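Peer 1: Take this structure first; my questions come after.
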Amino acid sequence: MNRSHADAMPAPGLLTVLAQWVMLSAGWRRLVLAYGAGALGALAMPPFGALPALVVALCAAVWLLDGATTGRGEWRTLRTAGLIGWAWGFGYLTAGLWWLGSAFLVEADEFAWALPLGVIGLPAVLGLFYGVGFALARLIWSPGAGRIFALAFGLSTSEWLRGHLFTGFPWNTLGMALGQNLWLMQTAAGIGLYGLTLLAVLVAAAPATLATGGTGAARLGPSLAAGLVLAATALSGAARLPAGPDATVAGIRLRLVQPNLNQDAKFRPENREDILDRYIELSDRAAAPDRSGLADVTHVIWPESAFPFLIQRDPAALARIAAALPPGKQLITGAARADTAAEGERPHFFNSILTLAAGPKLGDAYDKVHLVPFGEYLPGILDATLRALHVRQFVSIPGGFTPGDRARQRILSVPGLPAIAATICYEAIFPGAIVPETNPNEPPPVPGLILNLTNDAWFGDTPGPRQHFAQARLRAVEEGLPLVRDANTGISAVVDAHGRITASLPLGVEGVLDADLPVRLEQRTVYARFGDAPFWLLLGLTLALAVAARRGSA
């Protein structure tokens with residue numbers, strides 16, 4: 001029986017047909033596919049943690065880049081790849097950051113008009129980083145497994161840039177797909193969040209070759225390798241975890257106060273007495289029949305910006321707090337503070353952590369260094385223009401907050417506690433920026449814990465506060481330090497140096513959390529000592545493999 005060679009070829013499988021359909025898409029259909037794939041990938045982020053969603057999203061990215069060739073020159077191909085990447089990133093960030101819109105509705109009469117700028121505009125701008133990443137990948141693109149390395153290089157580079165340029169915004173970095181799992185997150189102790197990002201892209205994009213490989217080995221090899229890498233990562237993480245709980249620091253008992261104050265009422269001056277009453281009552285509330293409140297703890301912690309007034313300039317409020325603190329007890333609280341201005345000058349306001357003991361006696365303080373653009377201040381290049389249009393930052397502080405002095409950023413000292421690496425709000429999402437920098441001739445400070453005070457009430461019961469907590473938790477693993485996190489509406493928690501949650505209060509409840517302080521790791525982690533250096537080494541190796549594959553296919 002005579003049949004043509006074409007007739008003898010096996011019919012393509014469903015996955016191959018799907019991949020070819022994606023590759024051959026063009027125009028607006030291609031951009032819609034890229035946007036939808038990116039949006040699906042957001043389901044891999046907390047609180048959903050659906051890693052298969054990232055697999056689908058990144059396999060689609062590979063196939064879209066396969067089809068990016070225009071036949072009209074390398075520059076046009078790179079431009080097409082960049083546009084695909086922008087659409088993919090736009091979808092990913094829109095689906096992952098939609099909850100930002102809640103903040104615009106807290107004072108809807110003043111900020112609701114700007115909601116599209118936060119929900120659509122910010123993802124559209126940040127999507128440009130993914131456009132750069134896709135273009136970088138396409139620049140070193142090749143058939144087969146080589147293009148998986150190319151995509152990992154491009155996206156990991158762009159995610160690092162997103163986390164550092166223009167003040168940085170590393171929220172929902174792709175590595176969080178692995179960084180929320182207790183076993184998988186242990187690898188961050190060596191390679192950090194950006195190393196996890198490189199690993200996540202390599203693993204999640206590898207199955208793309210199932211539909212486009214030639215021989216069986218070319219099709220199956222990358223997926224099998226990715227499965228082995230993921231399994232090895234999980235097993236090594238499980239082996240790193242101690243069999244029992246971490247030891248705790250003797251003589252320390254913490255009380256975290258979670259008042260669950262609504263944001264629309266929190267900063268109204270007329271509520272000052274009610275708010276102060278709630279903090280004092282919660283601080284001395286018996287958490288159990290066998291506990292008697294403040295008598296059973298050594299340190300009380302209140303969240304970010306606890307008061308709608310300047311506590312350090314209110315002797316009556318200070319006296320009330322001090323009177324509620326038994327001798328020897330310490331209060332750590334978030335609060336706005338102002339410096340002393342020269343005559344005729346406006347004082348500078350700071351988002352701070354203050355410490356207070358009975359007396360009343362104010363102790364050490366920390367001023368937030370990494371402020372939220374448009375939330376806590378207006379960027380200098382836009383400040384005058386926006387104020388002329390009567391637009392202000394979200395916080396009702398004249399002129400906005402002033403950042404703390406980065407050169408003077410230091411470890412917070414509180415009697416009875418180990419040295420504290422202090423962070424306020426989203427400062428905890430920046431890997432490598434937890435422990436203050438020191439002069440090259442000075443030994444690096446080694447704190448005993450990370451303290452994170454925050455107020456996520458702006459974002460209600462949405463994925464936002466859960467994503468925030470997951471990212472702060474990963475800092476504990478990277479640095480080998482326990483995390484103590486007090487949030488106005490939650491999630492408040494104590495996390496040990498291995499990322500295990502030892503005590504927590506859920507989102508949206510009022511309460512107190514009494515907990516011991518876990519010890520820090522005896523040996524500093526690789527990431528704590530070398531920062532992103534291991535990531536750069538891995539990124540360089542990934543680039544070399546991608547370039548070698550491209551040359552081999554030429």
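Identifiers in this document derive from the order of the structure tokens: chains are assigned A, B, ..., residues are numbered from 1 separately in each chain, and ligands are numbered from 1 in order of occurrence.
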Quick check for you: according to DSSP on this backbone, which residues of segment 121-230 of chain A are classed as helix (DSSP H, G or I)? Reply as an MDAnalysis selection string.

Peer 2: chainID A and resid 121:139 146:162 165:167 176:179 184:210 216:230

Peer 1: I'd like to know which residues of segment 400-433 of chain A are strand (DSSP E or B) (by DSSP, run on the backbone); could you write them as a list in words?

Peer 2: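 Output for segment 400-433 of chain A, strand (DSSP E or B) only: Leu412, Ile420, Ala421, Ala422, Thr423 and Ile424 of chain A.
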
Peer 1: Measuring atom to atom with only C-alpha atoms, identify which of A:Leu54, A:Leu174, A:Leu40, A:Leu378 is nearest to Arg162 of chain A.

Peer 2: A:Leu174

Peer 1: Calculated over only C-alpha atoms, which of the candidates A:Ala243, A:Ile450, A:Ala44, A:Ile120 has the smallest distance to Asn181 of chain A?

Peer 2: A:Ala44

Peer 1: What does the structure give for the distance between atom CA of Pro436 of chain A and atom CA of Gly175 of chain A, in Å to one decimal?

Peer 2: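 For atom CA of Pro436 of chain A relative to atom CA of Gly175 of chain A, the distance reads 23.7 Å.
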
Peer 1: Quick one: pull the distance between atom CA of Gly237 of chain A and atom CA of Ala515 of chain A, Å, one decimal.

Peer 2: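 Between atom CA of Gly237 of chain A and atom CA of Ala515 of chain A the gap works out to 25.5 Å.
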
Peer 1: Skipping near chain neighbours, those fewer than 4 positions away, what residues fall within 10 Å of Ala546 of chain A using only C-alpha atoms, listed as a ChimeraX atom specification?

Peer 2: /A:137,140-142,145-153,540-542,550-552

Peer 1: Tell me which protein, DNA and RNA residues are within 10 Å of segment 16-19 of chain A, counting only C-alpha atoms, leaving out same-chain ones fewer than 2 positions away, and put them as a ChimeraX atom specification.

Peer 2: /A:11-14,21-24,59-60,62-64,66-67,208-213
